[in-house]
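Visitor: The structure file coords20.csv (CSV, N, CA and C atoms) is provided below.
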chain,number,residue,atom,x,y,z
A,695,MET,N,0.8,-1.2,0.0
A,695,MET,CA,0.0,0.0,0.0
A,695,MET,C,0.9,1.2,0.0
A,696,ILE,N,0.5,2.2,-0.8
A,696,ILE,CA,1.3,3.5,-0.9
A,696,ILE,C,0.3,4.6,-0.7
A,697,LYS,N,0.6,5.5,0.1
A,697,LYS,CA,-0.2,6.7,0.3
A,697,LYS,C,0.4,7.8,-0.4
A,698,ALA,N,-0.4,8.5,-1.2
A,698,ALA,CA,0.2,9.6,-2.0
A,698,ALA,C,-0.8,10.7,-2.1
A,699,SER,N,-0.4,11.9,-2.6
A,699,SER,CA,-1.3,12.9,-2.9
A,699,SER,C,-1.8,12.8,-4.3
A,700,HIS,N,-2.9,13.5,-4.7
A,700,HIS,CA,-3.4,13.4,-6.1
A,700,HIS,C,-2.4,13.8,-7.1
A,701,SER,N,-2.2,13.0,-8.0
A,701,SER,CA,-1.3,13.3,-9.1
A,701,SER,C,-1.8,12.9,-10.5
A,702,ASP,N,-2.5,11.8,-10.5
A,702,ASP,CA,-3.1,11.2,-11.7
A,702,ASP,C,-4.6,11.0,-11.5
A,703,THR,N,-5.3,12.1,-11.3
A,703,THR,CA,-6.7,12.1,-10.9
A,703,THR,C,-7.6,12.3,-12.2
A,704,PRO,N,-8.9,11.9,-12.0
A,704,PRO,CA,-9.8,12.2,-13.1
A,704,PRO,C,-9.8,13.7,-13.4
A,705,PRO,N,-10.4,14.1,-14.5
A,705,PRO,CA,-10.5,15.5,-14.9
A,705,PRO,C,-10.9,16.4,-13.7
A,706,ALA,N,-10.3,17.6,-13.7
A,706,ALA,CA,-10.6,18.5,-12.6
A,706,ALA,C,-12.0,19.0,-12.6
A,707,ASP,N,-12.6,19.3,-11.5
A,707,ASP,CA,-13.9,19.8,-11.3
A,707,ASP,C,-13.8,21.3,-11.5
A,708,SER,N,-14.9,21.9,-12.1
A,708,SER,CA,-14.9,23.3,-12.2
A,708,SER,C,-15.7,23.9,-11.0
A,709,ALA,N,-15.5,25.1,-10.7
A,709,ALA,CA,-16.2,25.7,-9.6
A,709,ALA,C,-17.7,25.7,-9.6
A,710,ASP,N,-18.3,25.8,-10.8
A,710,ASP,CA,-19.7,25.8,-10.9
A,710,ASP,C,-20.3,24.4,-11.2
A,711,GLY,N,-19.5,23.4,-11.3
A,711,GLY,CA,-20.0,22.1,-11.6
A,711,GLY,C,-20.1,21.8,-13.1
A,712,ALA,N,-20.0,22.8,-13.9
A,712,ALA,CA,-20.1,22.6,-15.4
A,712,ALA,C,-19.0,21.8,-15.9
A,713,GLY,N,-19.3,20.8,-16.7
A,713,GLY,CA,-18.2,19.9,-17.2
A,713,GLY,C,-17.7,19.0,-16.1
A,714,ARG,N,-18.3,18.9,-15.0
A,714,ARG,CA,-17.9,18.1,-13.9
A,714,ARG,C,-17.9,16.6,-14.2
A,715,ASN,N,-16.9,15.9,-13.9
A,715,ASN,CA,-16.8,14.4,-14.1
A,715,ASN,C,-17.5,13.8,-12.9
A,716,MET,N,-18.7,13.2,-13.1
A,716,MET,CA,-19.5,12.7,-12.0
A,716,MET,C,-19.2,11.2,-11.8
A,717,GLU,N,-18.1,10.7,-12.3
A,717,GLU,CA,-17.8,9.3,-12.1
A,717,GLU,C,-17.2,9.1,-10.7
A,718,SER,N,-17.7,8.0,-10.1
A,718,SER,CA,-17.2,7.6,-8.8
A,718,SER,C,-16.1,6.6,-8.9
A,719,TRP,N,-16.0,5.9,-10.0
A,719,TRP,CA,-14.9,4.9,-10.2
A,719,TRP,C,-14.7,4.7,-11.7
A,720,ALA,N,-13.6,4.0,-12.0
A,720,ALA,CA,-13.3,3.6,-13.4
A,720,ALA,C,-12.6,2.3,-13.4
A,721,LYS,N,-12.7,1.6,-14.5
A,721,LYS,CA,-12.0,0.4,-14.6
A,721,LYS,C,-11.0,0.4,-15.8
A,722,ASP,N,-10.1,-0.5,-15.6
A,722,ASP,CA,-9.0,-0.7,-16.6
A,722,ASP,C,-8.6,-2.2,-16.5
A,723,ALA,N,-8.8,-2.9,-17.6
A,723,ALA,CA,-8.5,-4.3,-17.6
A,723,ALA,C,-7.0,-4.6,-17.3
A,724,GLN,N,-6.2,-3.6,-17.3
A,724,GLN,CA,-4.8,-3.9,-17.0
A,724,GLN,C,-4.3,-3.2,-15.7
A,725,ALA,N,-5.3,-2.9,-14.8
A,725,ALA,CA,-5.0,-2.3,-13.6
A,725,ALA,C,-4.1,-3.2,-12.7
A,726,GLN,N,-3.1,-2.6,-12.1
A,726,GLN,CA,-2.2,-3.4,-11.2
A,726,GLN,C,-2.5,-3.1,-9.8
A,727,ALA,N,-3.2,-2.0,-9.5
A,727,ALA,CA,-3.5,-1.6,-8.2
A,727,ALA,C,-4.9,-0.8,-8.2
A,728,LEU,N,-5.5,-0.7,-7.0
A,728,LEU,CA,-6.7,0.1,-6.8
A,728,LEU,C,-6.3,1.4,-6.2
A,729,ARG,N,-6.6,2.6,-6.8
A,729,ARG,CA,-6.3,3.9,-6.2
A,729,ARG,C,-7.6,4.3,-5.5
A,730,VAL,N,-7.4,4.7,-4.3
A,730,VAL,CA,-8.6,5.1,-3.5
A,730,VAL,C,-8.4,6.6,-3.1
A,731,GLU,N,-9.3,7.4,-3.6
A,731,GLU,CA,-9.2,8.9,-3.4
A,731,GLU,C,-10.3,9.3,-2.4
A,732,LEU,N,-9.8,9.9,-1.3
A,732,LEU,CA,-10.7,10.3,-0.2
A,732,LEU,C,-11.1,11.8,-0.4
A,733,ALA,N,-12.2,12.2,0.3
A,733,ALA,CA,-12.7,13.6,0.2
A,733,ALA,C,-11.7,14.6,0.6
A,734,ASP,N,-10.8,14.2,1.6
A,734,ASP,CA,-9.8,15.2,2.1
A,734,ASP,C,-8.6,15.3,1.2
A,735,GLU,N,-8.7,14.7,0.0
A,735,GLU,CA,-7.7,14.7,-1.0
A,735,GLU,C,-6.6,13.8,-0.7
A,736,GLY,N,-6.7,12.9,0.3
A,736,GLY,CA,-5.7,11.8,0.5
A,736,GLY,C,-5.9,10.7,-0.5
A,737,CYS,N,-4.9,10.0,-0.8
A,737,CYS,CA,-4.9,9.0,-1.8
A,737,CYS,C,-4.1,7.8,-1.3
A,738,PHE,N,-4.7,6.6,-1.5
A,738,PHE,CA,-4.0,5.3,-1.2
A,738,PHE,C,-3.9,4.5,-2.5
A,739,LEU,N,-2.9,3.7,-2.6
A,739,LEU,CA,-2.7,2.8,-3.7
A,739,LEU,C,-2.6,1.4,-3.1
A,740,PHE,N,-3.4,0.5,-3.5
A,740,PHE,CA,-3.4,-0.9,-3.0
A,740,PHE,C,-3.1,-1.9,-4.2
A,741,PRO,N,-2.0,-2.5,-4.2
A,741,PRO,CA,-1.7,-3.5,-5.2
A,741,PRO,C,-2.6,-4.7,-5.2
A,742,TYR,N,-3.1,-5.1,-6.3
A,742,TYR,CA,-4.1,-6.2,-6.4
A,742,TYR,C,-3.4,-7.5,-5.9
A,743,ALA,N,-2.1,-7.6,-5.9
A,743,ALA,CA,-1.4,-8.8,-5.4
A,743,ALA,C,-1.7,-9.0,-3.9
A,744,HIS,N,-2.1,-8.0,-3.2
A,744,HIS,CA,-2.4,-8.1,-1.8
A,744,HIS,C,-3.9,-8.2,-1.5
A,745,LEU,N,-4.7,-8.4,-2.5
A,745,LEU,CA,-6.2,-8.5,-2.3
A,745,LEU,C,-6.5,-9.8,-1.6
A,746,ARG,N,-7.3,-9.8,-0.5
A,746,ARG,CA,-7.7,-11.0,0.2
A,746,ARG,C,-9.1,-11.4,-0.2
A,747,TYR,N,-10.0,-10.4,-0.1
A,747,TYR,CA,-11.4,-10.7,-0.5
A,747,TYR,C,-12.2,-9.4,-0.7
A,748,ALA,N,-13.4,-9.5,-1.3
A,748,ALA,CA,-14.3,-8.4,-1.5
A,748,ALA,C,-15.7,-8.9,-1.3
A,749,SER,N,-16.6,-8.1,-0.8
A,749,SER,CA,-18.0,-8.5,-0.7
A,749,SER,C,-18.9,-7.3,-1.0
A,750,LEU,N,-20.1,-7.6,-1.3
A,750,LEU,CA,-21.2,-6.6,-1.6
A,750,LEU,C,-22.4,-7.0,-0.7
A,751,GLN,N,-22.9,-6.0,0.0
A,751,GLN,CA,-24.1,-6.2,0.8
A,751,GLN,C,-25.0,-5.0,0.7
A,752,ARG,N,-26.2,-5.2,0.9
A,752,ARG,CA,-27.2,-4.1,1.0
A,752,ARG,C,-27.4,-3.8,2.4
A,753,VAL,N,-27.1,-2.6,2.9
A,753,VAL,CA,-27.3,-2.2,4.3
A,753,VAL,C,-28.3,-1.0,4.3
A,754,GLU,N,-29.5,-1.3,4.8
A,754,GLU,CA,-30.5,-0.3,4.9
A,754,GLU,C,-30.8,0.2,3.5
A,755,THR,N,-30.5,1.4,3.2
A,755,THR,CA,-30.9,2.0,1.9
A,755,THR,C,-29.7,2.2,0.9
A,756,GLU,N,-28.5,1.6,1.3
A,756,GLU,CA,-27.3,1.8,0.5
A,756,GLU,C,-26.6,0.5,0.3
A,757,ASP,N,-25.7,0.5,-0.7
A,757,ASP,CA,-24.8,-0.7,-0.9
A,757,ASP,C,-23.5,-0.5,-0.1
A,758,LEU,N,-23.0,-1.6,0.3
A,758,LEU,CA,-21.7,-1.6,1.0
A,758,LEU,C,-20.8,-2.6,0.3
A,759,VAL,N,-19.7,-2.1,-0.2
A,759,VAL,CA,-18.6,-3.0,-0.8
A,759,VAL,C,-17.5,-3.0,0.2
A,760,ARG,N,-17.1,-4.1,0.7
A,760,ARG,CA,-15.9,-4.3,1.5
A,760,ARG,C,-14.8,-4.9,0.7
A,761,ILE,N,-13.6,-4.2,0.7
A,761,ILE,CA,-12.5,-4.7,-0.1
A,761,ILE,C,-11.4,-4.9,1.0
A,762,SER,N,-10.9,-6.1,1.1
A,762,SER,CA,-9.9,-6.4,2.1
A,762,SER,C,-8.5,-6.7,1.4
A,763,PHE,N,-7.5,-6.0,1.8
A,763,PHE,CA,-6.1,-6.2,1.4
A,763,PHE,C,-5.4,-6.7,2.6
A,764,THR,N,-4.2,-7.2,2.5
A,764,THR,CA,-3.5,-7.7,3.6
A,764,THR,C,-3.2,-6.7,4.7
A,765,SER,N,-3.1,-5.4,4.4
A,765,SER,CA,-2.9,-4.5,5.5
A,765,SER,C,-4.0,-3.5,5.8
A,766,HIS,N,-5.0,-3.4,4.9
A,766,HIS,CA,-6.1,-2.5,5.1
A,766,HIS,C,-7.4,-3.1,4.7
A,767,GLU,N,-8.5,-2.6,5.2
A,767,GLU,CA,-9.8,-2.9,4.7
A,767,GLU,C,-10.5,-1.6,4.3
A,768,ILE,N,-11.2,-1.6,3.2
A,768,ILE,CA,-11.8,-0.5,2.6
A,768,ILE,C,-13.3,-0.7,2.6
A,769,HIS,N,-14.1,0.2,3.2
A,769,HIS,CA,-15.5,0.2,3.1
A,769,HIS,C,-16.0,1.3,2.2
A,770,VAL,N,-16.8,0.9,1.2
A,770,VAL,CA,-17.3,1.8,0.2
A,770,VAL,C,-18.8,1.8,0.3
A,771,ARG,N,-19.4,3.0,0.6
A,771,ARG,CA,-20.8,3.1,0.7
A,771,ARG,C,-21.4,4.0,-0.4
A,772,GLY,N,-22.5,3.6,-0.9
A,772,GLY,CA,-23.2,4.4,-1.9
A,772,GLY,C,-24.3,3.6,-2.6
A,773,ARG,N,-24.6,3.9,-3.8
A,773,ARG,CA,-25.7,3.2,-4.5
A,773,ARG,C,-25.2,2.6,-5.8
A,774,ASN,N,-25.9,1.5,-6.2
A,774,ASN,CA,-25.5,0.9,-7.5
A,774,ASN,C,-24.1,0.5,-7.6
A,775,LEU,N,-23.6,-0.2,-6.6
A,775,LEU,CA,-22.2,-0.6,-6.5
A,775,LEU,C,-21.8,-2.0,-7.0
A,776,ARG,N,-22.8,-2.7,-7.5
A,776,ARG,CA,-22.6,-4.0,-8.0
A,776,ARG,C,-21.5,-4.1,-9.1
A,777,ALA,N,-21.6,-3.2,-10.0
A,777,ALA,CA,-20.6,-3.2,-11.1
A,777,ALA,C,-19.2,-3.0,-10.5
A,778,LEU,N,-19.0,-2.1,-9.5
A,778,LEU,CA,-17.8,-1.9,-8.9
A,778,LEU,C,-17.3,-3.2,-8.2
A,779,ALA,N,-18.1,-3.9,-7.5
A,779,ALA,CA,-17.8,-5.2,-6.9
A,779,ALA,C,-17.3,-6.2,-7.9
A,780,LEU,N,-18.0,-6.3,-9.1
A,780,LEU,CA,-17.6,-7.2,-10.1
A,780,LEU,C,-16.3,-6.8,-10.8
A,781,ALA,N,-16.0,-5.5,-10.9
A,781,ALA,CA,-14.7,-5.1,-11.4
A,781,ALA,C,-13.6,-5.5,-10.4
A,782,VAL,N,-13.8,-5.4,-9.1
A,782,VAL,CA,-12.8,-5.8,-8.2
A,782,VAL,C,-12.6,-7.3,-8.3
A,783,GLN,N,-13.7,-8.1,-8.5
A,783,GLN,CA,-13.5,-9.5,-8.8
A,783,GLN,C,-12.6,-9.8,-9.9
A,784,LYS,N,-12.7,-9.0,-11.0
A,784,LYS,CA,-11.9,-9.2,-12.2
A,784,LYS,C,-10.5,-8.4,-12.1
A,785,LEU,N,-10.3,-7.8,-10.9
A,785,LEU,CA,-9.0,-7.0,-10.7
A,785,LEU,C,-8.9,-5.9,-11.8
A,786,SER,N,-10.1,-5.3,-12.1
A,786,SER,CA,-10.0,-4.3,-13.1
A,786,SER,C,-10.6,-2.9,-12.6
A,787,ALA,N,-10.9,-2.8,-11.4
A,787,ALA,CA,-11.3,-1.5,-10.8
A,787,ALA,C,-10.0,-0.7,-10.7
A,788,ASP,N,-9.9,0.4,-11.4
A,788,ASP,CA,-8.6,1.2,-11.5
A,788,ASP,C,-8.6,2.2,-10.3
A,789,TRP,N,-9.7,3.0,-10.1
A,789,TRP,CA,-9.7,4.0,-9.0
A,789,TRP,C,-11.2,4.1,-8.6
A,790,ILE,N,-11.3,4.6,-7.3
A,790,ILE,CA,-12.6,4.9,-6.7
A,790,ILE,C,-12.4,6.2,-6.0
A,791,ARG,N,-13.5,7.0,-5.9
A,791,ARG,CA,-13.4,8.2,-5.1
A,791,ARG,C,-14.8,8.6,-4.6
A,792,GLU,N,-14.7,9.3,-3.5
A,792,GLU,CA,-16.0,9.9,-2.9
A,792,GLU,C,-16.4,11.1,-3.7
A,793,LEU,N,-17.7,11.2,-3.8
A,793,LEU,CA,-18.3,12.4,-4.3
A,793,LEU,C,-19.1,13.1,-3.3
A,794,PRO,N,-19.2,14.4,-3.2
A,794,PRO,CA,-20.0,15.1,-2.2
A,794,PRO,C,-21.5,14.7,-2.4
A,795,PRO,N,-22.2,14.6,-1.3
A,795,PRO,CA,-23.7,14.2,-1.4
A,795,PRO,C,-24.5,15.2,-2.3
A,796,ARG,N,-24.1,16.4,-2.4
A,796,ARG,CA,-24.8,17.4,-3.2
A,796,ARG,C,-24.8,17.1,-4.6
A,797,TYR,N,-23.8,16.2,-5.1
A,797,TYR,CA,-23.7,15.9,-6.5
A,797,TYR,C,-24.5,14.6,-6.8
A,798,GLU,N,-25.1,13.9,-5.9
A,798,GLU,CA,-25.7,12.6,-6.2
A,798,GLU,C,-26.8,12.8,-7.2
A,799,GLY,N,-27.6,13.9,-7.2
A,799,GLY,CA,-28.6,14.1,-8.2
A,799,GLY,C,-28.1,14.3,-9.6
A,800,LEU,N,-26.8,14.7,-9.7
A,800,LEU,CA,-26.3,14.9,-11.0
A,800,LEU,C,-25.6,13.6,-11.6
A,801,ALA,N,-25.5,12.6,-10.8
A,801,ALA,CA,-24.9,11.4,-11.3
A,801,ALA,C,-25.8,10.7,-12.2
A,802,VAL,N,-25.3,9.8,-13.1
A,802,VAL,CA,-26.1,9.0,-14.0
A,802,VAL,C,-27.2,8.2,-13.2
A,803,PRO,N,-28.4,8.3,-13.6
A,803,PRO,CA,-29.5,7.6,-12.8
A,803,PRO,C,-29.2,6.2,-12.3
A,804,ASP,N,-28.8,5.3,-13.2
A,804,ASP,CA,-28.5,4.0,-12.8
A,804,ASP,C,-27.0,3.7,-12.6
A,805,GLY,N,-26.2,4.8,-12.6
A,805,GLY,CA,-24.8,4.6,-12.4
A,805,GLY,C,-24.4,4.6,-10.9
A,806,ALA,N,-23.2,4.1,-10.7
A,806,ALA,CA,-22.7,4.0,-9.3
A,806,ALA,C,-22.5,5.4,-8.7
A,807,PHE,N,-22.7,5.6,-7.4
A,807,PHE,CA,-22.4,6.8,-6.7
A,807,PHE,C,-21.8,6.4,-5.4
A,808,ILE,N,-20.6,6.8,-5.2
A,808,ILE,CA,-19.8,6.5,-4.0
A,808,ILE,C,-19.9,7.8,-3.0
A,809,ALA,N,-20.6,7.6,-1.9
A,809,ALA,CA,-20.8,8.7,-1.0
A,809,ALA,C,-19.8,8.7,0.1
A,810,LYS,N,-19.3,7.5,0.5
A,810,LYS,CA,-18.3,7.5,1.6
A,810,LYS,C,-17.3,6.3,1.4
A,811,ILE,N,-16.1,6.6,1.7
A,811,ILE,CA,-15.0,5.6,1.7
A,811,ILE,C,-14.3,5.6,3.0
A,812,GLU,N,-14.2,4.5,3.6
A,812,GLU,CA,-13.4,4.4,4.9
A,812,GLU,C,-12.2,3.5,4.6
A,813,VAL,N,-11.0,3.9,5.0
A,813,VAL,CA,-9.9,3.0,4.9
A,813,VAL,C,-9.4,2.7,6.3
A,814,LYS,N,-9.3,1.5,6.7
A,814,LYS,CA,-8.9,1.1,8.0
A,814,LYS,C,-7.8,0.1,8.0
A,815,GLU,N,-6.7,0.3,8.8
A,815,GLU,CA,-5.7,-0.7,8.9
A,815,GLU,C,-6.3,-2.0,9.6
A,816,THR,N,-5.8,-3.1,9.1
A,816,THR,CA,-6.3,-4.4,9.7
A,816,THR,C,-5.6,-4.4,11.1
A,817,SER,N,-6.2,-5.2,12.0
A,817,SER,CA,-5.6,-5.2,13.4
A,817,SER,C,-4.2,-5.7,13.4
A,818,GLU,N,-3.9,-6.7,12.5
A,818,GLU,CA,-2.5,-7.2,12.5
A,818,GLU,C,-1.5,-6.1,12.0
A,819,GLU,N,-1.9,-5.3,11.0
A,819,GLU,CA,-1.0,-4.2,10.5
A,819,GLU,C,-0.9,-3.1,11.5
A,820,ALA,N,-2.0,-2.8,12.2
A,820,ALA,CA,-2.0,-1.7,13.2
A,820,ALA,C,-1.1,-2.1,14.4
A,821,GLU,N,-1.2,-3.4,14.8
A,821,GLU,CA,-0.3,-3.9,15.9
A,821,GLU,C,1.2,-3.8,15.5
A,822,GLN,N,1.5,-4.2,14.3
A,822,GLN,CA,2.8,-4.2,13.8
A,822,GLN,C,3.3,-2.8,13.7
A,823,HIS,N,2.5,-1.9,13.2
A,823,HIS,CA,2.9,-0.5,13.1
A,823,HIS,C,3.2,0.1,14.5
A,824,ARG,N,2.4,-0.2,15.5
A,824,ARG,CA,2.6,0.3,16.9
A,824,ARG,C,3.9,-0.3,17.5
A,825,SER,N,4.2,-1.5,17.2
A,825,SER,CA,5.4,-2.1,17.7
A,825,SER,C,6.7,-1.5,17.1
A,826,ASN,N,6.6,-1.0,15.9
A,826,ASN,CA,7.7,-0.3,15.2
A,826,ASN,C,8.0,1.1,15.6
A,827,ILE,N,7.1,1.7,16.4
A,827,ILE,CA,7.3,3.1,16.8
A,827,ILE,C,8.1,3.2,18.0
As structure tokens, how would this structure be written, given the file I've shared?
Guide:
Amino acid sequence: MIKASHSDTPPADSADGAGRNMESWAKDAQAQALRVELADEGCFLFPYAHLRYASLQRVETEDLVRISFTSHEIHVRGRNLRALALAVQKLSADWIRELPPRYEGLAVPDGAFIAKIEVKETSEEAEQHRSNI
């Protein structure tokens, strides 16, 4: 896992939303890693070689995709996330990002919308990190 700042992001958003790229994720059949972009502009890169499992669940009124790597678990909440889960299955999800809730109405009606991404260290990784400090 590599944490980086935005350098290879989707097209920039304009101040008024015109021309805004409303994509929450993209796929690439040759993806080597999953880039996770957070609302605070933090960015993580997770190599697919470290993927443990992924799952899709319906929780109340939203979808929850859990993606587990050897060192971190990612929780992705939003709507219409089945295609994202299938892309992770095929190791072809290239990047995912949160979009502010105010833009949900502008997203493609049947398209995926990612409202929240949480990245958590697994307990083993967190314990190892604490012992190295």
Visitor: Near Leu793 of chain A, counting all atoms listed in the file, which residues have an atom at most 7 Å away, once you skip same-chain residues fewer than 2 positions from it, shown as a list of chain:residue names?
Guide: A:Ser718, A:Ala733, A:Arg791, A:Pro795, A:Arg796, A:Tyr797, A:Glu798, A:Phe807, A:Ile808, A:Ala809, A:Lys810
Visitor: Give me, please, the distance in Å between atom N of Ala777 of chain A and atom C of Gly805 of chain A, quoted to one decimal.
Guide: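 One can read the atom N of Ala777 of chain A to atom C of Gly805 of chain A distance as 8.3 Å.
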Visitor: Tell me, in Å to one decimal, how far atom CA of Thr816 of chain A is from atom CA of Ala727 of chain A.
Guide: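 Separation between atom CA of Thr816 of chain A and atom CA of Ala727 of chain A: 18.3 Å.
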Visitor: Between A:Leu785, A:Glu767, A:Val802, A:Ala723, which one has atoms that come closest to Lys814 of chain A, using all atoms listed in the file?
Guide: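 Closest to Lys814 of chain A of all the choices is A:Glu767.
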Visitor: For atom CA of Glu754 of chain A and atom CA of Gly736 of chain A, determine how far apart the two atoms are, in Å to one decimal place.
Guide: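 Atom CA of Glu754 of chain A sits 27.9 Å away from atom CA of Gly736 of chain A.
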